[in-house]
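Peer 1: File protein_39.pdb below, PDB, C-alpha atoms:
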ATOM      1  CA  MET S  13      90.272 132.932  52.695
ATOM      2  CA  ALA S  14      90.402 131.934  56.369
ATOM      3  CA  ILE S  15      87.960 133.026  59.098
ATOM      4  CA  ALA S  16      88.764 132.689  62.815
ATOM      5  CA  PRO S  17      88.556 134.444  66.178
ATOM      6  CA  ASP S  18      91.618 136.659  66.661
ATOM      7  CA  ARG S  19      92.954 137.282  70.189
ATOM      8  CA  GLU S  20      95.162 140.240  69.151
ATOM      9  CA  TYR S  21      92.236 141.999  67.447
ATOM     10  CA  PHE S  22      89.890 141.174  70.355
ATOM     11  CA  MET S  23      92.309 142.686  72.899
ATOM     12  CA  ALA S  24      92.741 145.826  70.749
ATOM     13  CA  MET S  25      88.945 146.179  70.487
ATOM     14  CA  MET S  26      88.492 145.765  74.249
ATOM     15  CA  GLY S  27      91.051 148.506  74.814
ATOM     16  CA  ARG S  28      89.040 150.918  72.641
ATOM     17  CA  SER S  29      85.532 149.873  73.727
ATOM     18  CA  GLY S  30      83.319 151.252  76.432
ATOM     19  CA  PRO S  31      81.815 149.454  79.437
ATOM     20  CA  GLU S  32      79.208 147.690  77.254
ATOM     21  CA  ALA S  33      82.000 145.438  75.975
ATOM     22  CA  ALA S  34      82.952 144.204  79.467
ATOM     23  CA  GLY S  35      80.745 141.105  79.182
ATOM     24  CA  LEU S  36      82.313 139.904  75.933
ATOM     25  CA  ASN S  37      84.646 136.931  75.974
ATOM     26  CA  LEU S  38      86.773 135.522  73.187
ATOM     27  CA  PRO S  39      85.483 132.030  72.273
ATOM     28  CA  ALA S  40      87.593 129.362  73.967
ATOM     29  CA  TYR S  41      87.741 127.286  70.798
ATOM     30  CA  SER S  42      86.522 127.896  67.295
ATOM     31  CA  PRO S  43      88.135 126.101  64.382
ATOM     32  CA  GLU S  44      89.359 128.229  61.502
ATOM     33  CA  GLN S  45      86.943 128.150  58.563
ATOM     34  CA  GLN S  46      88.294 128.050  55.021
ATOM     35  CA  ILE S  47      86.072 129.736  52.426
ATOM     36  CA  PRO S  48      87.066 130.009  48.761
ATOM     37  CA  LEU S  49      87.005 133.418  47.072
ATOM     38  CA  THR S  50      84.512 132.566  44.334
ATOM     39  CA  GLY S  51      82.039 134.570  42.287
ATOM     40  CA  THR S  52      82.208 138.344  42.152
ATOM     41  CA  GLN S  53      80.752 139.266  45.545
ATOM     42  CA  ILE S  54      80.723 137.646  49.003
ATOM     43  CA  ALA S  55      78.453 139.025  51.743
ATOM     44  CA  VAL S  56      79.701 139.000  55.358
ATOM     45  CA  GLY S  57      77.214 139.314  58.217
ATOM     46  CA  ARG S  58      74.749 137.455  60.409
ATOM     47  CA  ARG S  59      71.630 135.523  59.431
ATOM     48  CA  ARG S  60      68.367 137.398  59.923
ATOM     49  CA  HIS S  61      66.107 134.955  61.764
ATOM     50  CA  SER S  62      62.969 136.995  61.013
ATOM     51  CA  THR S  63      63.387 136.619  57.237
ATOM     52  CA  GLY S  64      65.780 133.671  56.999
ATOM     53  CA  GLU S  65      68.053 135.882  54.879
ATOM     54  CA  SER S  66      71.594 134.570  55.230
ATOM     55  CA  PRO S  67      74.897 136.096  54.040
ATOM     56  CA  ASP S  68      77.555 134.033  52.238
ATOM     57  CA  ILE S  69      79.723 134.203  55.378
ATOM     58  CA  ASP S  70      77.338 133.861  58.339
ATOM     59  CA  LEU S  71      79.046 134.926  61.574
ATOM     60  CA  GLY S  72      75.835 134.342  63.524
ATOM     61  CA  ARG S  73      76.600 130.644  63.985
ATOM     62  CA  PRO S  74      78.098 129.513  67.306
ATOM     63  CA  PRO S  75      80.244 131.017  68.588
ATOM     64  CA  GLU S  76      78.246 134.027  67.367
ATOM     65  CA  ASP S  77      80.189 137.274  67.127
ATOM     66  CA  PRO S  78      77.745 139.816  68.652
ATOM     67  CA  GLY S  79      79.579 142.764  67.099
ATOM     68  CA  VAL S  80      78.791 141.750  63.507
ATOM     69  CA  SER S  81      75.901 143.507  61.737
ATOM     70  CA  HIS S  82      73.362 141.548  59.659
ATOM     71  CA  GLN S  83      74.752 143.188  56.511
ATOM     72  CA  HIS S  84      78.266 143.993  57.667
ATOM     73  CA  ALA S  85      80.565 144.012  54.640
ATOM     74  CA  LEU S  86      80.992 142.823  51.077
ATOM     75  CA  LEU S  87      84.052 141.292  49.486
ATOM     76  CA  VAL S  88      83.942 142.425  45.864
ATOM     77  CA  GLN S  89      86.062 141.178  42.988
ATOM     78  CA  GLN S  90      87.661 144.020  41.031
ATOM     79  CA  PRO S  91      87.953 144.118  37.198
ATOM     80  CA  ASP S  92      91.643 143.088  37.434
ATOM     81  CA  GLY S  93      90.742 139.974  39.468
ATOM     82  CA  SER S  94      91.887 141.371  42.827
ATOM     83  CA  TRP S  95      89.479 141.800  45.752
ATOM     84  CA  ALA S  96      88.285 144.750  47.836
ATOM     85  CA  VAL S  97      86.277 144.981  51.057
ATOM     86  CA  VAL S  98      83.312 147.360  51.300
ATOM     87  CA  ASP S  99      81.792 148.133  54.706
ATOM     88  CA  GLN S 100      77.980 148.288  54.452
ATOM     89  CA  ASN S 101      77.673 151.094  57.016
ATOM     90  CA  SER S 102      77.882 148.491  59.791
ATOM     91  CA  THR S 103      77.288 149.452  63.416
ATOM     92  CA  ASN S 104      80.824 148.620  64.602
ATOM     93  CA  GLY S 105      82.749 149.202  61.387
ATOM     94  CA  THR S 106      85.328 147.164  59.504
ATOM     95  CA  THR S 107      89.083 147.557  59.868
ATOM     96  CA  VAL S 108      91.994 146.153  57.869
ATOM     97  CA  ASN S 109      95.314 144.956  59.334
ATOM     98  CA  LEU S 110      94.576 146.158  62.900
ATOM     99  CA  ALA S 111      94.175 149.793  61.822
ATOM    100  CA  GLU S 112      92.912 152.141  64.537
ATOM    101  CA  ASP S 113      90.241 153.652  62.289
ATOM    102  CA  PRO S 114      87.552 151.757  60.397
ATOM    103  CA  ILE S 115      87.377 151.966  56.615
ATOM    104  CA  GLN S 116      84.864 154.410  55.092
ATOM    105  CA  PRO S 117      81.390 152.910  54.484
ATOM    106  CA  TYR S 118      80.577 152.057  50.859
ATOM    107  CA  VAL S 119      84.150 152.807  49.664
ATOM    108  CA  PRO S 120      86.008 149.757  48.262
ATOM    109  CA  THR S 121      89.305 149.165  50.094
ATOM    110  CA  PRO S 122      91.758 147.096  48.000
ATOM    111  CA  LEU S 123      92.976 143.836  49.534
ATOM    112  CA  HIS S 124      96.269 142.009  49.055
ATOM    113  CA  GLU S 125      97.488 138.510  49.867
ATOM    114  CA  GLY S 126      97.703 138.110  53.648
ATOM    115  CA  ASP S 127      95.571 141.164  54.494
ATOM    116  CA  ARG S 128      93.393 140.747  57.579
ATOM    117  CA  ILE S 129      89.836 142.093  57.631
ATOM    118  CA  HIS S 130      88.474 142.642  61.161
ATOM    119  CA  VAL S 131      84.735 142.646  61.874
ATOM    120  CA  GLY S 132      82.689 142.419  65.045
ATOM    121  CA  ALA S 133      84.332 141.806  68.421
ATOM    122  CA  TRP S 134      86.871 139.136  67.437
ATOM    123  CA  THR S 135      86.446 137.861  63.877
ATOM    124  CA  THR S 136      89.348 138.152  61.442
ATOM    125  CA  ILE S 137      89.119 137.158  57.784
ATOM    126  CA  THR S 138      92.563 136.570  56.235
ATOM    127  CA  VAL S 139      92.885 136.915  52.457
ATOM    128  CA  ARG S 140      94.626 133.910  50.932
ATOM    129  CA  ARG S 141      94.748 132.964  47.289
ATOM    130  CA  ALA S 142      93.571 129.457  46.528
TER     131      ALA S 142
END
Represent the supplied structure as structure tokens.
Peer 2:
Amino acid sequence: MAIAPDREYFMAMMGRSGPEAAGLNLPAYSPEQQIPLTGTQIAVGRRRHSTGESPDIDLGRPPEDPGVSHQHALLVQQPDGSWAVVDQNSTNGTTVNLAEDPIQPYVPTPLHEGDRIHVGAWTTITVRRA
């Protein structure tokens, strides 16, 4: 699985956002992170400084994506070994493959090789088998 800022997604979000998004800028440089799909569940979000609670994929590290909720989404392994993404009723929603509409909260959305999960203002997580 690869995690990186995504210019195409960022531009699409800016086109749909209100004036509060005007101050957001895509990070100039942020290396792609590679994270293995391991275990049965991977939490995506931002670290809670008040409690120190940290998700498996912490998007609160520089460059912090301000559009990501503390408990944004879960990647959940399905009984057949495939993966699904479950939005945790996040503030800004979760979309897949640049869809206009976010996925329904708490409803697993099946993922396939190469699918792109979009969270926050610019973060894209690309599903890749190891």
Peer 1: Quick one: residues within 10 Å of Ile115 of chain S, all atoms listed in the file, excluding same-chain residues fewer than 5 positions away - as a PyMOL selection string?
Peer 2: chain S and resi 97-99+101+105-108+120-121
Peer 1: Please enclose the listed atoms of segment 104-116 of chain S in an axis-aligned box, pad each side by 4 Å, and write out the centre and the three edge lengths in Å, rounded to one decimal, as AutoDock Vina command-line options.
Peer 2:
--center_x 88.1 --center_y 149.7 --center_z 59.8 --size_x 22.5 --size_y 17.5 --size_z 17.5
Peer 1: Can you list, as a PyMOL selection string, every protein, DNA or RNA residue that comes within 9 Å of Val88 of chain S when you count only C-alpha atoms, leaving out same-chain residues fewer than 2 positions away?
Peer 2: chain S and resi 51-55+86+90+94-98+120
Peer 1: Which is closest to Gly93 of chain S among S:Ser62, S:Thr136, S:Leu49, S:Arg19, if we use all atoms listed in the file?
Peer 2: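 That would be S:Leu49, the residue with the smallest distance to Gly93 of chain S.
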Peer 1: Residue by residue, what does the PyMOL selection byres ((chain S and resi 48) around 9) grab here? Present the result as a PyMOL selection string.
Peer 2: chain S and resi 13-14+46-47+49-50+140-142
Peer 1: Identify, on the basis of all atoms listed in the file, every residue whose closest approach to Leu38 of chain S does not exceed 12 Å; exclude the query and any residue fewer than 4 positions from it along the same chain; express the result as an MDAnalysis selection string.
Peer 2: chainID S and resid 16:23 25:26 33:34 42 75:79 132:135
Peer 1: Given the choices S:Arg73, S:Arg28, S:His84, S:Arg60, which gets closest to His130 of chain S if the distance is worked out from all atoms listed in the file?
Peer 2: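 Checking each candidate against His130 of chain S, we get S:His84 as the closest.
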Peer 1: Given all atoms listed in the file as the basis, pick out the residue of S:Ile137, S:Val131, S:Leu123, S:Leu110 nearest to Gln89 of chain S.
Peer 2: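 Comparing S:Ile137, S:Val131, S:Leu123, S:Leu110 against Gln89 of chain S, the winner is S:Leu123.
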Peer 1: What does the distance from atom CA of Asp113 of chain S to atom CA of Gly72 of chain S come to in Å, to one decimal?
Peer 2: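 Rounded to one decimal, the two atoms are 24.1 Å apart.
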Peer 1: For a test of reading the model, state the distance in Å between atom CA of Gln45 of chain S and atom CA of Asp68 of chain S, rounded to one decimal.
Peer 2: 12.8 Å
Peer 1: So how far away is atom CA of Val119 of chain S from atom CA of Thr103 of chain S, in Å?
Peer 2: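 Separating atom CA of Thr103 of chain S from atom CA of Val119 of chain S is a distance of 15.7 Å.
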Peer 1: Where does the PyMOL selection byres ((chain S and resi 82) around 6) land in this file, that is, which residues does it pick, as a VMD selection string?
Peer 2: chain S and resid 57 to 58 81 83 to 84
Peer 1: Under the rule that all atoms listed in the file are counted, which of S:Pro114, S:Gly126, S:Asn104, S:Pro67 is the nearest residue to Ser29 of chain S?
Peer 2: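 Closest residue, counting all atoms listed in the file: S:Asn104.
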Peer 1: Could you model all heavy atoms for segment 92-103 of chain S and present them as a compact mmCIF listing (two decimals), keeping the file's coordinate frame?
Peer 2:
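Full text of out-v7.txt as output:
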# COMPACT_ATOMS: atom_id res chain seq x y z
N ASP S 92 90.34 143.72 37.69
CA ASP S 92 91.64 143.09 37.43
C ASP S 92 91.79 141.73 38.14
O ASP S 92 92.85 141.12 38.11
CB ASP S 92 92.78 144.02 37.85
CG ASP S 92 92.85 144.26 39.35
OD1 ASP S 92 92.01 143.72 40.11
OD2 ASP S 92 93.75 145.00 39.78
N GLY S 93 90.71 141.27 38.80
CA GLY S 93 90.74 139.97 39.47
C GLY S 93 91.11 140.05 40.94
O GLY S 93 90.99 139.06 41.66
N SER S 94 91.58 141.21 41.40
CA SER S 94 91.89 141.37 42.83
C SER S 94 90.57 141.56 43.59
O SER S 94 89.50 141.65 42.98
CB SER S 94 92.81 142.57 43.04
OG SER S 94 92.14 143.78 42.72
N TRP S 95 90.66 141.65 44.91
CA TRP S 95 89.48 141.80 45.75
C TRP S 95 89.55 143.08 46.57
O TRP S 95 90.64 143.57 46.87
CB TRP S 95 89.33 140.59 46.68
CG TRP S 95 88.90 139.37 45.92
CD1 TRP S 95 89.71 138.53 45.20
CD2 TRP S 95 87.58 138.86 45.78
NE1 TRP S 95 88.95 137.55 44.63
CE2 TRP S 95 87.65 137.70 44.97
CE3 TRP S 95 86.34 139.27 46.28
CZ2 TRP S 95 86.53 136.96 44.64
CZ3 TRP S 95 85.22 138.51 45.95
CH2 TRP S 95 85.32 137.37 45.14
N ALA S 96 88.39 143.59 46.96
CA ALA S 96 88.28 144.75 47.84
C ALA S 96 87.21 144.44 48.88
O ALA S 96 86.32 143.62 48.65
CB ALA S 96 87.92 146.00 47.05
N VAL S 97 87.30 145.10 50.03
CA VAL S 97 86.28 144.98 51.06
C VAL S 97 85.51 146.30 51.11
O VAL S 97 86.10 147.37 50.99
CB VAL S 97 86.87 144.60 52.44
CG1 VAL S 97 87.84 145.65 52.95
CG2 VAL S 97 85.75 144.36 53.46
N VAL S 98 84.18 146.19 51.24
CA VAL S 98 83.31 147.36 51.30
C VAL S 98 82.44 147.23 52.55
O VAL S 98 81.61 146.32 52.64
CB VAL S 98 82.41 147.47 50.05
CG1 VAL S 98 81.57 148.73 50.10
CG2 VAL S 98 83.24 147.42 48.76
N ASP S 99 82.64 148.14 53.51
CA ASP S 99 81.79 148.13 54.71
C ASP S 99 80.40 148.63 54.30
O ASP S 99 80.26 149.59 53.55
CB ASP S 99 82.39 149.05 55.78
CG ASP S 99 81.58 149.02 57.05
OD1 ASP S 99 81.79 148.11 57.86
OD2 ASP S 99 80.69 149.89 57.23
N GLN S 100 79.36 147.95 54.80
CA GLN S 100 77.98 148.29 54.45
C GLN S 100 77.34 149.20 55.50
O GLN S 100 76.19 149.03 55.86
CB GLN S 100 77.17 147.01 54.28
CG GLN S 100 77.68 146.11 53.16
CD GLN S 100 77.54 146.79 51.81
OE1 GLN S 100 76.44 146.98 51.31
NE2 GLN S 100 78.66 147.17 51.21
N ASN S 101 78.13 150.17 55.97
CA ASN S 101 77.67 151.09 57.02
C ASN S 101 77.29 150.32 58.28
O ASN S 101 76.27 150.58 58.91
CB ASN S 101 76.52 151.98 56.53
CG ASN S 101 76.43 153.26 57.34
OD1 ASN S 101 77.39 153.70 57.95
ND2 ASN S 101 75.26 153.86 57.35
N SER S 102 78.14 149.35 58.64
CA SER S 102 77.88 148.49 59.79
C SER S 102 77.96 149.29 61.09
O SER S 102 78.60 150.34 61.14
CB SER S 102 78.91 147.35 59.82
OG SER S 102 80.21 147.87 59.97
N THR S 103 77.32 148.78 62.13
CA THR S 103 77.29 149.45 63.42
C THR S 103 78.68 149.64 64.00
O THR S 103 79.03 150.70 64.50
CB THR S 103 76.42 148.65 64.41
OG1 THR S 103 75.12 148.52 63.84
CG2 THR S 103 76.31 149.35 65.74
